[in-house]
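Q: Below you'll find run_36.pdb; it's PDB, C-alpha atoms, pLDDT in the B column.
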ATOM      1  CA  ILE A 123     -25.042  -3.171 -32.938  1.00 55.00           C
ATOM      2  CA  GLU A 124     -25.475   0.556 -32.553  1.00 66.00           C
ATOM      3  CA  LEU A 125     -26.875   1.474 -29.149  1.00 68.00           C
ATOM      4  CA  LEU A 126     -27.376   5.155 -29.975  1.00 71.00           C
ATOM      5  CA  SER A 127     -28.979   6.784 -32.942  1.00 81.00           C
ATOM      6  CA  VAL A 128     -26.899   9.215 -34.998  1.00 86.00           C
ATOM      7  CA  LYS A 129     -28.784  12.105 -33.382  1.00 88.00           C
ATOM      8  CA  GLU A 130     -28.263  10.757 -29.828  1.00 82.00           C
ATOM      9  CA  ARG A 131     -24.573  10.186 -30.494  1.00 82.00           C
ATOM     10  CA  GLY A 132     -24.215  13.752 -31.790  1.00 86.00           C
ATOM     11  CA  LEU A 133     -25.935  15.164 -28.691  1.00 85.00           C
ATOM     12  CA  LEU A 134     -23.737  13.096 -26.393  1.00 80.00           C
ATOM     13  CA  LEU A 135     -20.527  14.191 -28.136  1.00 83.00           C
ATOM     14  CA  GLU A 136     -21.662  17.814 -28.058  1.00 85.00           C
ATOM     15  CA  GLU A 137     -22.263  17.574 -24.294  1.00 81.00           C
ATOM     16  CA  VAL A 138     -18.811  16.063 -23.720  1.00 77.00           C
ATOM     17  CA  ARG A 139     -17.163  18.855 -25.734  1.00 81.00           C
ATOM     18  CA  ARG A 140     -19.151  21.492 -23.852  1.00 81.00           C
ATOM     19  CA  ARG A 141     -18.139  20.180 -20.424  1.00 77.00           C
ATOM     20  CA  GLY A 142     -14.506  19.566 -21.289  1.00 72.00           C
ATOM     21  CA  PRO A 143     -12.378  16.777 -19.869  1.00 66.00           C
ATOM     22  CA  GLU A 144     -13.286  15.515 -16.423  1.00 62.00           C
ATOM     23  CA  ARG A 145     -10.656  16.030 -13.823  1.00 60.00           C
ATOM     24  CA  LEU A 146      -9.639  12.910 -11.957  1.00 54.00           C
ATOM     25  CA  GLU A 147     -10.104  13.019  -8.244  1.00 60.00           C
ATOM     26  CA  GLU A 148      -6.737  13.337  -6.560  1.00 69.00           C
ATOM     27  CA  ARG A 149      -7.501  11.882  -3.157  1.00 73.00           C
ATOM     28  CA  PRO A 150      -5.107   9.066  -2.304  1.00 79.00           C
ATOM     29  CA  PHE A 151      -6.387   5.513  -1.935  1.00 81.00           C
ATOM     30  CA  HIS A 152      -5.850   5.403   1.829  1.00 83.00           C
ATOM     31  CA  VAL A 153      -8.020   8.512   2.292  1.00 85.00           C
ATOM     32  CA  ARG A 154     -10.810   6.896   0.300  1.00 85.00           C
ATOM     33  CA  PHE A 155     -10.386   3.744   2.376  1.00 87.00           C
ATOM     34  CA  GLU A 156     -10.758   5.742   5.604  1.00 90.00           C
ATOM     35  CA  GLU A 157     -13.999   7.222   4.296  1.00 91.00           C
ATOM     36  CA  LYS A 158     -15.306   3.731   3.531  1.00 92.00           C
ATOM     37  CA  ALA A 159     -14.208   2.543   6.987  1.00 93.00           C
ATOM     38  CA  ALA A 160     -16.205   5.374   8.572  1.00 94.00           C
ATOM     39  CA  GLU A 161     -19.286   4.421   6.512  1.00 94.00           C
ATOM     40  CA  MET A 162     -19.185   0.704   7.281  1.00 95.00           C
ATOM     41  CA  PRO A 163     -16.798   0.103  10.204  1.00 95.00           C
ATOM     42  CA  ASP A 164     -18.083  -3.325  11.202  1.00 96.00           C
ATOM     43  CA  GLN A 165     -18.300  -4.840   7.720  1.00 95.00           C
ATOM     44  CA  PRO A 166     -15.620  -7.301   6.571  1.00 94.00           C
ATOM     45  CA  ALA A 167     -12.801  -5.610   4.667  1.00 93.00           C
ATOM     46  CA  VAL A 168     -10.359  -8.519   4.373  1.00 92.00           C
ATOM     47  CA  VAL A 169     -10.973 -12.247   4.602  1.00 92.00           C
ATOM     48  CA  CYS A 170      -7.917 -14.495   4.555  1.00 89.00           C
ATOM     49  CA  GLY A 171      -8.505 -18.080   5.594  1.00 89.00           C
ATOM     50  CA  GLU A 172     -10.137 -17.960   9.025  1.00 91.00           C
ATOM     51  CA  THR A 173      -9.081 -14.349   9.640  1.00 90.00           C
ATOM     52  CA  ILE A 174     -11.640 -11.606   9.067  1.00 92.00           C
ATOM     53  CA  LEU A 175     -10.684  -7.955   9.491  1.00 93.00           C
ATOM     54  CA  THR A 176     -13.434  -5.356   9.559  1.00 96.00           C
ATOM     55  CA  TYR A 177     -12.930  -1.959   7.966  1.00 95.00           C
ATOM     56  CA  ARG A 178     -12.411  -0.479  11.441  1.00 96.00           C
ATOM     57  CA  GLY A 179      -9.964  -3.227  12.411  1.00 96.00           C
ATOM     58  CA  LEU A 180      -7.987  -2.893   9.195  1.00 96.00           C
ATOM     59  CA  ASP A 181      -7.905   0.896   9.498  1.00 96.00           C
ATOM     60  CA  GLU A 182      -6.700   0.739  13.106  1.00 96.00           C
ATOM     61  CA  ARG A 183      -4.071  -1.888  12.271  1.00 95.00           C
ATOM     62  CA  ALA A 184      -2.843   0.228   9.341  1.00 95.00           C
ATOM     63  CA  ASN A 185      -2.661   3.258  11.654  1.00 96.00           C
ATOM     64  CA  GLN A 186      -0.478   1.301  14.091  1.00 96.00           C
ATOM     65  CA  ILE A 187       1.903   0.342  11.310  1.00 96.00           C
ATOM     66  CA  ALA A 188       1.922   3.903   9.938  1.00 95.00           C
ATOM     67  CA  ASN A 189       2.654   5.375  13.363  1.00 95.00           C
ATOM     68  CA  VAL A 190       5.601   3.010  13.875  1.00 95.00           C
ATOM     69  CA  LEU A 191       6.944   3.848  10.410  1.00 95.00           C
ATOM     70  CA  ARG A 192       6.621   7.575  11.089  1.00 94.00           C
ATOM     71  CA  SER A 193       8.507   7.145  14.367  1.00 94.00           C
ATOM     72  CA  GLU A 194      11.226   5.388  12.332  1.00 93.00           C
ATOM     73  CA  GLY A 195      11.567   8.490  10.148  1.00 93.00           C
ATOM     74  CA  ILE A 196       9.566   7.472   7.082  1.00 92.00           C
ATOM     75  CA  GLY A 197       8.788  10.490   4.961  1.00 89.00           C
ATOM     76  CA  LYS A 198       7.020  11.280   1.740  1.00 90.00           C
ATOM     77  CA  ASP A 199       8.002   8.888  -1.079  1.00 91.00           C
ATOM     78  CA  ASP A 200      10.399   6.810   1.062  1.00 96.00           C
ATOM     79  CA  VAL A 201      10.359   3.186  -0.095  1.00 97.00           C
ATOM     80  CA  VAL A 202       9.326   0.516   2.415  1.00 98.00           C
ATOM     81  CA  GLY A 203       9.604  -3.143   1.490  1.00 98.00           C
ATOM     82  CA  ILE A 204       6.824  -5.510   2.533  1.00 98.00           C
ATOM     83  CA  MET A 205       7.895  -9.136   2.754  1.00 97.00           C
ATOM     84  CA  LEU A 206       5.158 -11.124   4.454  1.00 96.00           C
ATOM     85  CA  ASP A 207       3.558 -14.500   4.009  1.00 94.00           C
ATOM     86  CA  ARG A 208      -0.010 -14.371   2.677  1.00 92.00           C
ATOM     87  CA  SER A 209      -2.215 -13.007   5.436  1.00 92.00           C
ATOM     88  CA  ALA A 210      -4.601 -10.198   6.299  1.00 92.00           C
ATOM     89  CA  GLU A 211      -1.533  -8.420   7.653  1.00 94.00           C
ATOM     90  CA  VAL A 212      -0.402  -7.729   4.066  1.00 96.00           C
ATOM     91  CA  ALA A 213      -3.389  -5.408   3.495  1.00 95.00           C
ATOM     92  CA  ALA A 214      -2.693  -3.622   6.784  1.00 96.00           C
ATOM     93  CA  ALA A 215       0.979  -3.220   5.853  1.00 97.00           C
ATOM     94  CA  ILE A 216       0.169  -1.744   2.434  1.00 96.00           C
ATOM     95  CA  LEU A 217      -2.288   0.744   3.933  1.00 95.00           C
ATOM     96  CA  GLY A 218       0.110   1.497   6.783  1.00 95.00           C
ATOM     97  CA  VAL A 219       2.951   2.352   4.424  1.00 96.00           C
ATOM     98  CA  MET A 220       0.661   4.613   2.391  1.00 93.00           C
ATOM     99  CA  LYS A 221      -0.604   6.361   5.539  1.00 93.00           C
ATOM    100  CA  SER A 222       2.988   6.907   6.674  1.00 93.00           C
ATOM    101  CA  GLY A 223       3.733   8.777   3.450  1.00 92.00           C
ATOM    102  CA  GLY A 224       5.912   6.027   2.061  1.00 95.00           C
ATOM    103  CA  ALA A 225       5.703   3.919  -1.065  1.00 95.00           C
ATOM    104  CA  PHE A 226       5.377   0.168  -0.669  1.00 97.00           C
ATOM    105  CA  LEU A 227       7.511  -2.423  -2.421  1.00 98.00           C
ATOM    106  CA  PRO A 228       5.851  -5.868  -2.326  1.00 97.00           C
ATOM    107  CA  ILE A 229       8.311  -8.748  -2.066  1.00 96.00           C
ATOM    108  CA  ASP A 230       7.364 -12.413  -2.292  1.00 95.00           C
ATOM    109  CA  PRO A 231       9.276 -14.296   0.430  1.00 94.00           C
ATOM    110  CA  GLU A 232       9.497 -17.301  -1.916  1.00 93.00           C
ATOM    111  CA  MET A 233      11.733 -15.443  -4.387  1.00 93.00           C
ATOM    112  CA  PRO A 234      15.442 -16.257  -4.523  1.00 93.00           C
ATOM    113  CA  THR A 235      17.559 -14.275  -2.082  1.00 92.00           C
ATOM    114  CA  SER A 236      19.496 -12.678  -4.945  1.00 92.00           C
ATOM    115  CA  ARG A 237      16.255 -11.285  -6.405  1.00 93.00           C
ATOM    116  CA  ILE A 238      15.071  -9.953  -3.043  1.00 94.00           C
ATOM    117  CA  GLN A 239      18.467  -8.371  -2.468  1.00 94.00           C
ATOM    118  CA  TYR A 240      18.412  -6.747  -5.910  1.00 94.00           C
ATOM    119  CA  MET A 241      14.917  -5.304  -5.379  1.00 95.00           C
ATOM    120  CA  LEU A 242      15.750  -3.840  -1.972  1.00 96.00           C
ATOM    121  CA  GLU A 243      19.053  -2.358  -3.132  1.00 95.00           C
ATOM    122  CA  ASP A 244      17.761  -1.048  -6.458  1.00 95.00           C
ATOM    123  CA  SER A 245      14.700   0.591  -4.871  1.00 96.00           C
ATOM    124  CA  LYS A 246      16.806   1.994  -2.013  1.00 96.00           C
ATOM    125  CA  ALA A 247      14.329   0.602   0.517  1.00 96.00           C
ATOM    126  CA  ARG A 248      15.815   1.450   3.918  1.00 94.00           C
ATOM    127  CA  TRP A 249      12.961  -0.207   5.832  1.00 96.00           C
ATOM    128  CA  LEU A 250      11.456  -3.654   5.485  1.00 97.00           C
ATOM    129  CA  LEU A 251       8.219  -4.788   7.083  1.00 97.00           C
ATOM    130  CA  THR A 252       8.528  -8.504   7.600  1.00 95.00           C
ATOM    131  CA  GLU A 253       7.868 -11.192  10.177  1.00 94.00           C
ATOM    132  CA  HIS A 254      10.002 -13.154  12.577  1.00 91.00           C
ATOM    133  CA  SER A 255      10.240 -16.212  10.313  1.00 91.00           C
ATOM    134  CA  HIS A 256      12.103 -14.201   7.643  1.00 92.00           C
ATOM    135  CA  GLN A 257      14.336 -12.008   9.808  1.00 89.00           C
ATOM    136  CA  ALA A 258      17.244 -14.401  10.342  1.00 87.00           C
ATOM    137  CA  ALA A 259      17.855 -14.872   6.617  1.00 88.00           C
ATOM    138  CA  LEU A 260      17.604 -11.126   5.972  1.00 91.00           C
ATOM    139  CA  ALA A 261      19.844 -10.088   8.860  1.00 88.00           C
ATOM    140  CA  ASP A 262      22.882 -11.638   7.152  1.00 89.00           C
ATOM    141  CA  TRP A 263      22.876  -9.129   4.292  1.00 91.00           C
ATOM    142  CA  TYR A 264      20.149  -6.463   4.628  1.00 94.00           C
ATOM    143  CA  ASN A 265      21.539  -3.196   6.002  1.00 92.00           C
ATOM    144  CA  GLY A 266      18.207  -1.419   6.421  1.00 93.00           C
ATOM    145  CA  ARG A 267      15.827  -1.479   9.363  1.00 94.00           C
ATOM    146  CA  LEU A 268      13.860  -4.732   9.788  1.00 94.00           C
ATOM    147  CA  ILE A 269      10.459  -4.136  11.369  1.00 94.00           C
ATOM    148  CA  ASP A 270       8.516  -7.163  12.563  1.00 93.00           C
ATOM    149  CA  VAL A 271       4.997  -6.217  11.534  1.00 90.00           C
ATOM    150  CA  ARG A 272       3.402  -8.507  14.114  1.00 84.00           C
ATOM    151  CA  TYR A 273       5.494  -7.614  17.186  1.00 80.00           C
ATOM    152  CA  ASP A 274       7.033  -4.188  16.655  1.00 80.00           C
ATOM    153  CA  THR A 275       3.705  -2.527  15.870  1.00 79.00           C
ATOM    154  CA  LEU A 276       1.224  -4.084  18.323  1.00 79.00           C
ATOM    155  CA  MET A 277       1.580  -1.418  21.027  1.00 84.00           C
ATOM    156  CA  ALA A 278       1.522   1.572  18.659  1.00 87.00           C
ATOM    157  CA  SER A 279      -1.276   4.109  18.629  1.00 87.00           C
ATOM    158  CA  LYS A 280      -4.361   3.243  16.592  1.00 86.00           C
ATOM    159  CA  LYS A 281      -4.997   6.930  15.929  1.00 88.00           C
ATOM    160  CA  ARG A 282      -4.750   8.225  12.391  1.00 83.00           C
ATOM    161  CA  PRO A 283      -1.326   9.733  11.695  1.00 83.00           C
ATOM    162  CA  HIS A 284      -1.043  13.181  10.185  1.00 78.00           C
ATOM    163  CA  LEU A 285      -1.180  12.507   6.454  1.00 74.00           C
ATOM    164  CA  ILE A 286       1.685  13.686   4.248  1.00 72.00           C
ATOM    165  CA  HIS A 287       0.828  11.590   1.189  1.00 66.00           C
ATOM    166  CA  ASP A 288      -1.073  13.261  -1.637  1.00 67.00           C
ATOM    167  CA  GLY A 289      -2.314  12.345  -5.094  1.00 69.00           C
ATOM    168  CA  ALA A 290       1.065  13.146  -6.653  1.00 75.00           C
ATOM    169  CA  SER A 291       3.098  11.043  -4.208  1.00 80.00           C
ATOM    170  CA  LEU A 292       4.737   7.762  -5.073  1.00 89.00           C
ATOM    171  CA  ALA A 293       2.432   4.936  -3.915  1.00 90.00           C
ATOM    172  CA  TYR A 294       4.309   1.758  -4.833  1.00 93.00           C
ATOM    173  CA  ILE A 295       7.111   0.183  -6.839  1.00 95.00           C
ATOM    174  CA  ILE A 296       6.503  -3.078  -8.678  1.00 94.00           C
ATOM    175  CA  TYR A 297       9.288  -5.211 -10.093  1.00 93.00           C
ATOM    176  CA  THR A 298       8.099  -7.322 -12.980  1.00 84.00           C
ATOM    177  CA  SER A 299       9.058 -10.888 -13.680  1.00 74.00           C
ATOM    178  CA  GLY A 300       9.821 -10.010 -17.299  1.00 61.00           C
ATOM    179  CA  THR A 301      13.183 -10.226 -18.992  1.00 54.00           C
ATOM    180  CA  THR A 302      14.639  -7.056 -17.461  1.00 61.00           C
ATOM    181  CA  GLY A 303      12.970  -7.264 -14.075  1.00 56.00           C
ATOM    182  CA  GLN A 304      13.086  -3.479 -13.867  1.00 62.00           C
ATOM    183  CA  PRO A 305      10.340  -1.513 -12.076  1.00 59.00           C
TER     184      PRO A 305
END
Would you write out, as structure tokens, the structure that this file holds?

A:
Amino acid sequence: IELLSVKERGLLLEEVRRRGPERLEERPFHVRFEEKAAEMPDQPAVVCGETILTYRGLDERANQIANVLRSEGIGKDDVVGIMLDRSAEVAAAILGVMKSGGAFLPIDPEMPTSRIQYMLEDSKARWLLTEHSHQAALADWYNGRLIDVRYDTLMASKKRPHLIHDGASLAYIIYTSGTTGQP
């Protein structure tokens, strides 16, 4: 089914050629999120089970995580692993890493230790946001800095950190479950 007549299609194509290609907006995701949080601060942003985080709450929690990461020396494009059980805290951790300038590496705590070890070593992640329940197993072999996202970040400032992440920065690394498992 043709939705446009031949004449309408020709006019539309002519307009597209005249304007040229549209440039993609280069504002990072976390900047767009902050704008949305300012527009609707008290609206739910994340719902996970009984936990509801508003846009303001999620933004403030992400700022706390980002400020701790910055104090740990995280810089632009540094890789930070995130190994948390399913919770609203995962969203805050992802945003926090992005606000710190780092790139997040999501890690499922249910994966075999050998796979987790490979991902952390291969990505050169020197920091790992995790929780107390996973720290003992990681401490035996992980040489990077373990940061308990629930306890190590609670007293940090909720103010927005100075942003060093831009549209060209690395945002995340994903390891596939395919045959090679390479990012």

Q: My list of candidates is A:Glu130, A:Arg141, A:Leu206, A:Ala213. Which is closest to Ala167 (chain A) when distances are computed with only C-alpha atoms?

A: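 Once distances to Ala167 (chain A) are computed over only C-alpha atoms, the minimum belongs to A:Ala213.
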
Q: List the residues matched by the PyMOL selection byres ((chain A and resi 250-264) around 6) in the displayed structure as number ranges by chain, ordered by chain and then by residue number.

A: A: 202-206, 249, 265-266, 268-271

Q: Taking all atoms listed in the file into account, which of A:Glu161, A:Cys170, A:Ile295, A:Leu134 comes nearest Asp207 (chain A)?

A: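 Answer, going by the shortest atom-to-atom distance: A:Cys170.
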
Q: Given the choices A:Pro234, A:Gly224, A:Gly179, A:Gly197, which gets closest to Ala159 (chain A) if the distance is worked out from only C-alpha atoms?

A: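 For Ala159 (chain A), the nearest of the candidates is A:Gly179.
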
Q: Could you tell me which of A:Ala293, A:Met241, A:Ala160, A:Val219 comes closest to Thr176 (chain A) if we count only C-alpha atoms?

A: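 That would be A:Ala160, the residue with the smallest distance to Thr176 (chain A).
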
Q: Would you mind reading off the distance between CA of Met162 (chain A) and CA of Arg282 (chain A), one decimal, in Å?

A: 17.1 Å

Q: Pick the closest to Val153 (chain A) from A:Met220, A:Leu191, A:Val169, A:Val201: which is it, counting only C-alpha atoms?

A: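 Of all the options, A:Met220 lies closest to Val153 (chain A).
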
Q: Take CA of Phe226 (chain A) and CA of His152 (chain A) and report the distance between them in Å, one decimal.

A: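 So the two atoms, CA of Phe226 (chain A) and CA of His152 (chain A), lie 12.6 Å apart.
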
Q: As a check of understanding, name the residues that the PyMOL selection byres ((chain A and resi 296) around 8) selects in the supplied structure, as a PDB file with C-alpha atoms, in the frame of the given file.

A:
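Below is the file that was written, expr_32.pdb:
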ATOM      1  CA  LEU A 227       7.511  -2.423  -2.421  1.00 98.00           C
ATOM      2  CA  PRO A 228       5.851  -5.868  -2.326  1.00 97.00           C
ATOM      3  CA  TYR A 294       4.309   1.758  -4.833  1.00 93.00           C
ATOM      4  CA  ILE A 295       7.111   0.183  -6.839  1.00 95.00           C
ATOM      5  CA  TYR A 297       9.288  -5.211 -10.093  1.00 93.00           C
ATOM      6  CA  THR A 298       8.099  -7.322 -12.980  1.00 84.00           C
ATOM      7  CA  PRO A 305      10.340  -1.513 -12.076  1.00 59.00           C
TER       8      PRO A 305
END

Q: Can you list what the PyMOL selection byres ((chain A and resi 276) around 12) grabs from this structure, as a JSON list (two decimals) with C-alpha atoms, keeping the file's coordinate frame?

A:
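The file below, out-v1.json, is the result:
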[["chain", "number", "residue", "atom", "x", "y", "z"],
["A", 182, "GLU", "CA", -6.70, 0.74, 13.11],
["A", 183, "ARG", "CA", -4.07, -1.89, 12.27],
["A", 184, "ALA", "CA", -2.84, 0.23, 9.34],
["A", 185, "ASN", "CA", -2.66, 3.26, 11.65],
["A", 186, "GLN", "CA", -0.48, 1.30, 14.09],
["A", 187, "ILE", "CA", 1.90, 0.34, 11.31],
["A", 188, "ALA", "CA", 1.92, 3.90, 9.94],
["A", 189, "ASN", "CA", 2.65, 5.38, 13.36],
["A", 190, "VAL", "CA", 5.60, 3.01, 13.88],
["A", 211, "GLU", "CA", -1.53, -8.42, 7.65],
["A", 269, "ILE", "CA", 10.46, -4.14, 11.37],
["A", 270, "ASP", "CA", 8.52, -7.16, 12.56],
["A", 271, "VAL", "CA", 5.00, -6.22, 11.53],
["A", 272, "ARG", "CA", 3.40, -8.51, 14.11],
["A", 273, "TYR", "CA", 5.49, -7.61, 17.19],
["A", 274, "ASP", "CA", 7.03, -4.19, 16.66],
["A", 275, "THR", "CA", 3.70, -2.53, 15.87],
["A", 277, "MET", "CA", 1.58, -1.42, 21.03],
["A", 278, "ALA", "CA", 1.52, 1.57, 18.66],
["A", 279, "SER", "CA", -1.28, 4.11, 18.63],
["A", 280, "LYS", "CA", -4.36, 3.24, 16.59]]

Q: Compare A:Glu136, A:Asp230, A:Asp181, A:Glu243 by their minimum atom-to-atom distance to Pro163 (chain A), counting only C-alpha atoms, and give me the closest one.

A: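 Comparing A:Glu136, A:Asp230, A:Asp181, A:Glu243 against Pro163 (chain A), the winner is A:Asp181.
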
Q: Using 3 Å of padding on each side, determine the axis-aligned box around all atoms of region 168-171 of chain A present in the file and give its centre and edge lengths in Å to one decimal, as JSON.

A:
{"center_x": -9.4, "center_y": -13.3, "center_z": 5.0, "size_x": 9.1, "size_y": 15.6, "size_z": 7.2}

Q: Quote the spacing between CA of Lys158 (chain A) and CA of Tyr177 (chain A) in Å to one decimal place.

A: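 The value is 7.6 Å.
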